[in-house]
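The structure appears right after this line, and notes come after that.
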Amino acid sequence: MSIKESFSEADEKKVQVAVHVAVADKDVDTAAELAAGIEEVTSEESIRIRRKIDWHILPLMCILYWIQFMDKTTLGSAAILGIREATHLTNNQYNWLGTIFYLSYLAFEYPQNLALQRFPVGKWMSINIFIWGLSLCLHAACKNFGGLFAVRFILGMCEGSITAGFLIVSSMFYTRKEQTLRVGYWSQIISGFLSFGALHIKTEKFEPWQWLMIITGILTLITAVLYWFLFPDSPTNAWFLTQEERAKAVKRIQENQTGVENKHFKVDQFYEALLDPKTWLFAFFSALDNVPNSLTNQRQIIVSSFGFSNFQTTLLGCVDGFIEIVTIFTGVQLAARIPNSRAYVGAIYFLPNILGVLLINLLSWDDKVGLLFGQWLTGVGTTGFVLSLSWLSSVTSGHTKRVTVNAIMLIAYCVGNATAPFMWQTRYKPRNHVPWTIIGICYVVCPVLLLIIRFLLARENRRRDAEPADDKYDDVYIEVVLPDGTRTERRVDKEFLDLTDIQNRDFRYVL
């Protein structure tokens, strides 16, 4: 497939040829050939195809996100189940186990994004999930800090492909409004019950924390096999869609102005991503919003310090998952139903977090129920980060640019997560006023950043509305070869030229 400007006003013209034209060209989206010549998809047909996509993709995404969340909390759960005593961990070493995961995530995030662009998304994710599952199982064999350090490093390396892969797949299959809902559906409670169950396993050679690692590792390995055989790489080759449905699946996301994917790295898009202010505003938000995520490994320890037993602590951990499910579900529903409300909804959902930090810092240490409710409130703001992920994907176009921007945001996510564990020093216990104050500051700044991003994008939309119509990319054609050897020149819609959101002046930012 090649691309060139056509001097014909017709969308197609035919000439006899004796050679075959390559299937794809580096300058256009991989879906350009499928979408070329396809008429508009009716709303009924769009809904039917979307439901078919939902049925085959969403269950797998939800399973993996639950597995990912569960795996991230295994260290905190294992702390209550005896891993610190069994492996002779100091407080500082325990903090390092949280940090090394995200340092590894940070180091491999951009290479993972490049691999997701270069290789089939579903297959690449399944390979990483399989290695990640093996690493989880190997936790049970670790006897000291060095062994745990190594397997946590491997975990971070592999998990760098998951969120980035989800963002890419969501933008390939769904419209921008649908993406907001689907990103929110990647969500968990079961991990708390697993910890509670592991606490009751009594064996001579295996401790409860080791059983927890083995069980979660096996579940992850099963998920890897499912992804290899069932998770699609793209709508252009999704096994559960017919050829006609693939073309319509591509056509229905035309309104995104982002195309599907392009397997070639474009240097100009890479530099544009680095020079785009919104890239760094989203990154700053991601870094600050994930400083409180250090609670993932500290939450069980903190709840136990309120005076609850190990049995009570593991069961109370289920509430964290319930709160996250409810708040994310309600948040993404509001953002999807109220036009241009992502920043407002995200900002509002940070208010309970701020209240929770105040309660934990100001309540009497004897009021363990009040302290517990304060901690639960700090889980509500997760909605803001979930919305930011789908928002970033919706306001970024050009496959190389989108891959780069996603990587930068997730690298910032790693920076926040990697630095935060060292707030939790022994000298601050039991009240931990210093780390909780830092977390409170982050909860105040994050909603402000969301509102600043919204203001800048709204201003850019108004500027583009005032510009004259841009017809620079209106007459671009691709060459395809029909089965009878006839070369047909077909017009390509602007949405499938792999243009960035800055190059395409018809692009409007969702708010």
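Simple scheme: letters A, B, ... for chains in structure tokens order, numbers from 1 for residues in each chain, numbers from 1 for ligands in the order shown.
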Determine, using only C-alpha atoms, which residues of region 56-112 of chain A have any atom at most 8 Å from an atom of region 291-302 of chain A, and tabulate each with its shortest atom pair and distance in Å to one decimal place, rows ordered by chain and then rising number, as a tab-separated table.
residue	atom	partner	partner_atom	distance
A:Lys72	CA	A:Thr296	CA	7.2
A:Thr73	CA	A:Thr296	CA	5.8
A:Leu75	CA	A:Asn297	CA	6.1
A:Gly76	CA	A:Asn297	CA	4.1
A:Ser77	CA	A:Gln300	CA	6.5
A:Ala79	CA	A:Ile301	CA	7.3
A:Ile80	CA	A:Ile301	CA	6.8
A:Gly98	CA	A:Asn297	CA	7.0
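In this model, the gap between CA of Met213 (chain A) and CA of Thr74 (chain A) comes to 7.2 Å.
Excluding Arg51 (chain A) and any residue on its chain fewer than 6 positions from it, the residues at most 12 Å away by only C-alpha atoms are Glu44, Glu45, Ile57, Leu58, Phe173, Tyr174, Glu178, Phe240, Leu241 and Ala249 of chain A.
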Query raised in the report: Which polymer residues have any atom within 12 Å of an atom of Ala283 (chain A), counting only C-alpha atoms, with same-chain residues fewer than 5 positions away left out, as a PyMOL selection string?
Result: chain A and resi 273-274+276-278+288-290+385+388-389+392+404-416+446+449-450+453
Please produce a file of those selected residues containing N, CA and C atoms, as a PDB file, in the first residue's frame.
ATOM      1  N   ALA A 273       5.299  15.047  20.951  1.00  0.00           N
ATOM      2  CA  ALA A 273       4.839  14.625  22.277  1.00  0.00           C
ATOM      3  C   ALA A 273       5.657  15.292  23.381  1.00  0.00           C
ATOM      4  N   LEU A 274       6.971  15.407  23.171  1.00  0.00           N
ATOM      5  CA  LEU A 274       7.840  16.012  24.183  1.00  0.00           C
ATOM      6  C   LEU A 274       7.597  17.510  24.322  1.00  0.00           C
ATOM      7  N   ASP A 276       4.665  19.088  23.689  1.00  0.00           N
ATOM      8  CA  ASP A 276       3.262  19.391  23.956  1.00  0.00           C
ATOM      9  C   ASP A 276       3.066  19.617  25.460  1.00  0.00           C
ATOM     10  N   PRO A 277       2.616  20.809  25.882  1.00  0.00           N
ATOM     11  CA  PRO A 277       2.467  21.107  27.321  1.00  0.00           C
ATOM     12  C   PRO A 277       1.560  20.129  28.062  1.00  0.00           C
ATOM     13  N   LYS A 278       0.496  19.663  27.392  1.00  0.00           N
ATOM     14  CA  LYS A 278      -0.431  18.786  28.117  1.00  0.00           C
ATOM     15  C   LYS A 278       0.217  17.449  28.481  1.00  0.00           C
ATOM     16  N   LEU A 288       2.082  13.017  41.159  1.00  0.00           N
ATOM     17  CA  LEU A 288       1.554  13.425  42.461  1.00  0.00           C
ATOM     18  C   LEU A 288       0.416  12.509  42.915  1.00  0.00           C
ATOM     19  N   ASP A 289      -0.433  12.098  41.974  1.00  0.00           N
ATOM     20  CA  ASP A 289      -1.587  11.281  42.336  1.00  0.00           C
ATOM     21  C   ASP A 289      -1.173   9.899  42.813  1.00  0.00           C
ATOM     22  N   ASN A 290       0.034   9.480  42.464  1.00  0.00           N
ATOM     23  CA  ASN A 290       0.466   8.139  42.851  1.00  0.00           C
ATOM     24  C   ASN A 290       1.433   8.117  44.030  1.00  0.00           C
ATOM     25  N   PHE A 385      -7.611   9.311  38.774  1.00  0.00           N
ATOM     26  CA  PHE A 385      -6.545   8.748  37.960  1.00  0.00           C
ATOM     27  C   PHE A 385      -7.114   7.902  36.825  1.00  0.00           C
ATOM     28  N   SER A 388      -8.244  10.188  34.192  1.00  0.00           N
ATOM     29  CA  SER A 388      -7.112  10.825  33.506  1.00  0.00           C
ATOM     30  C   SER A 388      -6.518   9.905  32.448  1.00  0.00           C
ATOM     31  N   LEU A 389      -6.519   8.591  32.711  1.00  0.00           N
ATOM     32  CA  LEU A 389      -5.988   7.641  31.726  1.00  0.00           C
ATOM     33  C   LEU A 389      -6.802   7.660  30.447  1.00  0.00           C
ATOM     34  N   LEU A 392      -6.464  11.185  28.656  1.00  0.00           N
ATOM     35  CA  LEU A 392      -5.213  11.357  27.921  1.00  0.00           C
ATOM     36  C   LEU A 392      -5.270  10.631  26.583  1.00  0.00           C
ATOM     37  N   THR A 404       4.129   7.438  23.046  1.00  0.00           N
ATOM     38  CA  THR A 404       5.111   8.225  23.808  1.00  0.00           C
ATOM     39  C   THR A 404       4.472   8.916  25.002  1.00  0.00           C
ATOM     40  N   VAL A 405       3.307   9.525  24.778  1.00  0.00           N
ATOM     41  CA  VAL A 405       2.611  10.234  25.856  1.00  0.00           C
ATOM     42  C   VAL A 405       2.164   9.256  26.941  1.00  0.00           C
ATOM     43  N   ASN A 406       1.636   8.095  26.525  1.00  0.00           N
ATOM     44  CA  ASN A 406       1.257   7.080  27.512  1.00  0.00           C
ATOM     45  C   ASN A 406       2.463   6.658  28.345  1.00  0.00           C
ATOM     46  N   ALA A 407       3.604   6.484  27.670  1.00  0.00           N
ATOM     47  CA  ALA A 407       4.816   6.058  28.376  1.00  0.00           C
ATOM     48  C   ALA A 407       5.257   7.118  29.377  1.00  0.00           C
ATOM     49  N   ILE A 408       5.219   8.380  28.972  1.00  0.00           N
ATOM     50  CA  ILE A 408       5.638   9.466  29.877  1.00  0.00           C
ATOM     51  C   ILE A 408       4.725   9.519  31.102  1.00  0.00           C
ATOM     52  N   MET A 409       3.418   9.377  30.868  1.00  0.00           N
ATOM     53  CA  MET A 409       2.488   9.425  32.003  1.00  0.00           C
ATOM     54  C   MET A 409       2.728   8.247  32.944  1.00  0.00           C
ATOM     55  N   LEU A 410       2.976   7.070  32.385  1.00  0.00           N
ATOM     56  CA  LEU A 410       3.197   5.899  33.229  1.00  0.00           C
ATOM     57  C   LEU A 410       4.574   5.925  33.888  1.00  0.00           C
ATOM     58  N   ILE A 411       5.544   6.573  33.250  1.00  0.00           N
ATOM     59  CA  ILE A 411       6.842   6.781  33.894  1.00  0.00           C
ATOM     60  C   ILE A 411       6.676   7.697  35.104  1.00  0.00           C
ATOM     61  N   ALA A 412       5.884   8.759  34.932  1.00  0.00           N
ATOM     62  CA  ALA A 412       5.590   9.650  36.057  1.00  0.00           C
ATOM     63  C   ALA A 412       4.856   8.893  37.166  1.00  0.00           C
ATOM     64  N   TYR A 413       3.958   8.006  36.756  1.00  0.00           N
ATOM     65  CA  TYR A 413       3.255   7.139  37.706  1.00  0.00           C
ATOM     66  C   TYR A 413       4.271   6.334  38.528  1.00  0.00           C
ATOM     67  N   CYS A 414       5.313   5.849  37.863  1.00  0.00           N
ATOM     68  CA  CYS A 414       6.356   5.080  38.555  1.00  0.00           C
ATOM     69  C   CYS A 414       7.159   5.949  39.510  1.00  0.00           C
ATOM     70  N   VAL A 415       7.451   7.179  39.085  1.00  0.00           N
ATOM     71  CA  VAL A 415       8.227   8.084  39.938  1.00  0.00           C
ATOM     72  C   VAL A 415       7.497   8.329  41.254  1.00  0.00           C
ATOM     73  N   GLY A 416       6.181   8.612  41.158  1.00  0.00           N
ATOM     74  CA  GLY A 416       5.398   8.827  42.374  1.00  0.00           C
ATOM     75  C   GLY A 416       5.370   7.598  43.266  1.00  0.00           C
ATOM     76  N   CYS A 446      -3.717  17.828  42.947  1.00  0.00           N
ATOM     77  CA  CYS A 446      -4.174  17.030  41.795  1.00  0.00           C
ATOM     78  C   CYS A 446      -5.451  17.564  41.144  1.00  0.00           C
ATOM     79  N   LEU A 449      -4.691  20.593  39.049  1.00  0.00           N
ATOM     80  CA  LEU A 449      -4.054  20.261  37.772  1.00  0.00           C
ATOM     81  C   LEU A 449      -5.087  19.821  36.739  1.00  0.00           C
ATOM     82  N   LEU A 450      -6.067  19.032  37.142  1.00  0.00           N
ATOM     83  CA  LEU A 450      -7.110  18.605  36.208  1.00  0.00           C
ATOM     84  C   LEU A 450      -7.866  19.804  35.650  1.00  0.00           C
ATOM     85  N   ILE A 453      -5.662  21.677  33.090  1.00  0.00           N
ATOM     86  CA  ILE A 453      -5.642  20.966  31.804  1.00  0.00           C
ATOM     87  C   ILE A 453      -6.922  21.257  31.035  1.00  0.00           C
TER      88      ILE A 453
END
If you count only C-alpha atoms, which residues fall within 7 Å of Leu155 (chain A), apart from same-chain ones fewer than 2 positions away, as a PDB file with N, CA and C atoms, in the first residue's frame?
ATOM      1  N   PHE A 101       9.885  -2.327  42.585  1.00  0.00           N
ATOM      2  CA  PHE A 101       8.844  -2.677  41.615  1.00  0.00           C
ATOM      3  C   PHE A 101       8.633  -1.517  40.638  1.00  0.00           C
ATOM      4  N   TRP A 132       5.372 -12.716  34.562  1.00  0.00           N
ATOM      5  CA  TRP A 132       4.915 -12.097  35.805  1.00  0.00           C
ATOM      6  C   TRP A 132       4.325 -13.159  36.743  1.00  0.00           C
ATOM      7  N   SER A 135       7.074 -15.155  38.318  1.00  0.00           N
ATOM      8  CA  SER A 135       7.750 -14.359  39.352  1.00  0.00           C
ATOM      9  C   SER A 135       6.964 -14.366  40.655  1.00  0.00           C
ATOM     10  N   VAL A 151      12.706 -10.823  42.451  1.00  0.00           N
ATOM     11  CA  VAL A 151      11.405 -11.159  41.857  1.00  0.00           C
ATOM     12  C   VAL A 151      10.516  -9.925  41.750  1.00  0.00           C
ATOM     13  N   ARG A 152      10.652  -8.974  42.683  1.00  0.00           N
ATOM     14  CA  ARG A 152       9.883  -7.730  42.577  1.00  0.00           C
ATOM     15  C   ARG A 152      10.354  -6.907  41.375  1.00  0.00           C
ATOM     16  N   PHE A 153      11.640  -6.959  41.075  1.00  0.00           N
ATOM     17  CA  PHE A 153      12.183  -6.268  39.903  1.00  0.00           C
ATOM     18  C   PHE A 153      11.567  -6.834  38.619  1.00  0.00           C
ATOM     19  N   MET A 157       9.056  -5.017  35.708  1.00  0.00           N
ATOM     20  CA  MET A 157       9.421  -5.055  34.291  1.00  0.00           C
ATOM     21  C   MET A 157       8.246  -5.530  33.444  1.00  0.00           C
ATOM     22  N   CYS A 158       7.546  -6.563  33.903  1.00  0.00           N
ATOM     23  CA  CYS A 158       6.459  -7.150  33.118  1.00  0.00           C
ATOM     24  C   CYS A 158       5.176  -6.334  33.191  1.00  0.00           C
ATOM     25  N   GLU A 159       4.875  -5.798  34.362  1.00  0.00           N
ATOM     26  CA  GLU A 159       3.608  -5.084  34.508  1.00  0.00           C
ATOM     27  C   GLU A 159       3.583  -3.772  33.745  1.00  0.00           C
TER      28      GLU A 159
END
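When the distance limit is 10 Å and only C-alpha atoms are what count, the residues near Asn95 (chain A), minus those fewer than 3 positions from it on the same chain, are Leu89, Thr90, Asn91, Asn92, Gly98, Thr99, Ile100, Ser294, Asn297, Gln298, Ala418, Thr419, Ala420, Pro421, Phe422, Met423, Trp424 and Gln425 of chain A.
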Report task. Find the residues near Ala335 (chain A): any atom within 7 Å, counting only C-alpha atoms, skip ones fewer than 6 places away on the same chain, and give them as a list in words. Result -> Ser341, Arg342 and Val345 of chain A
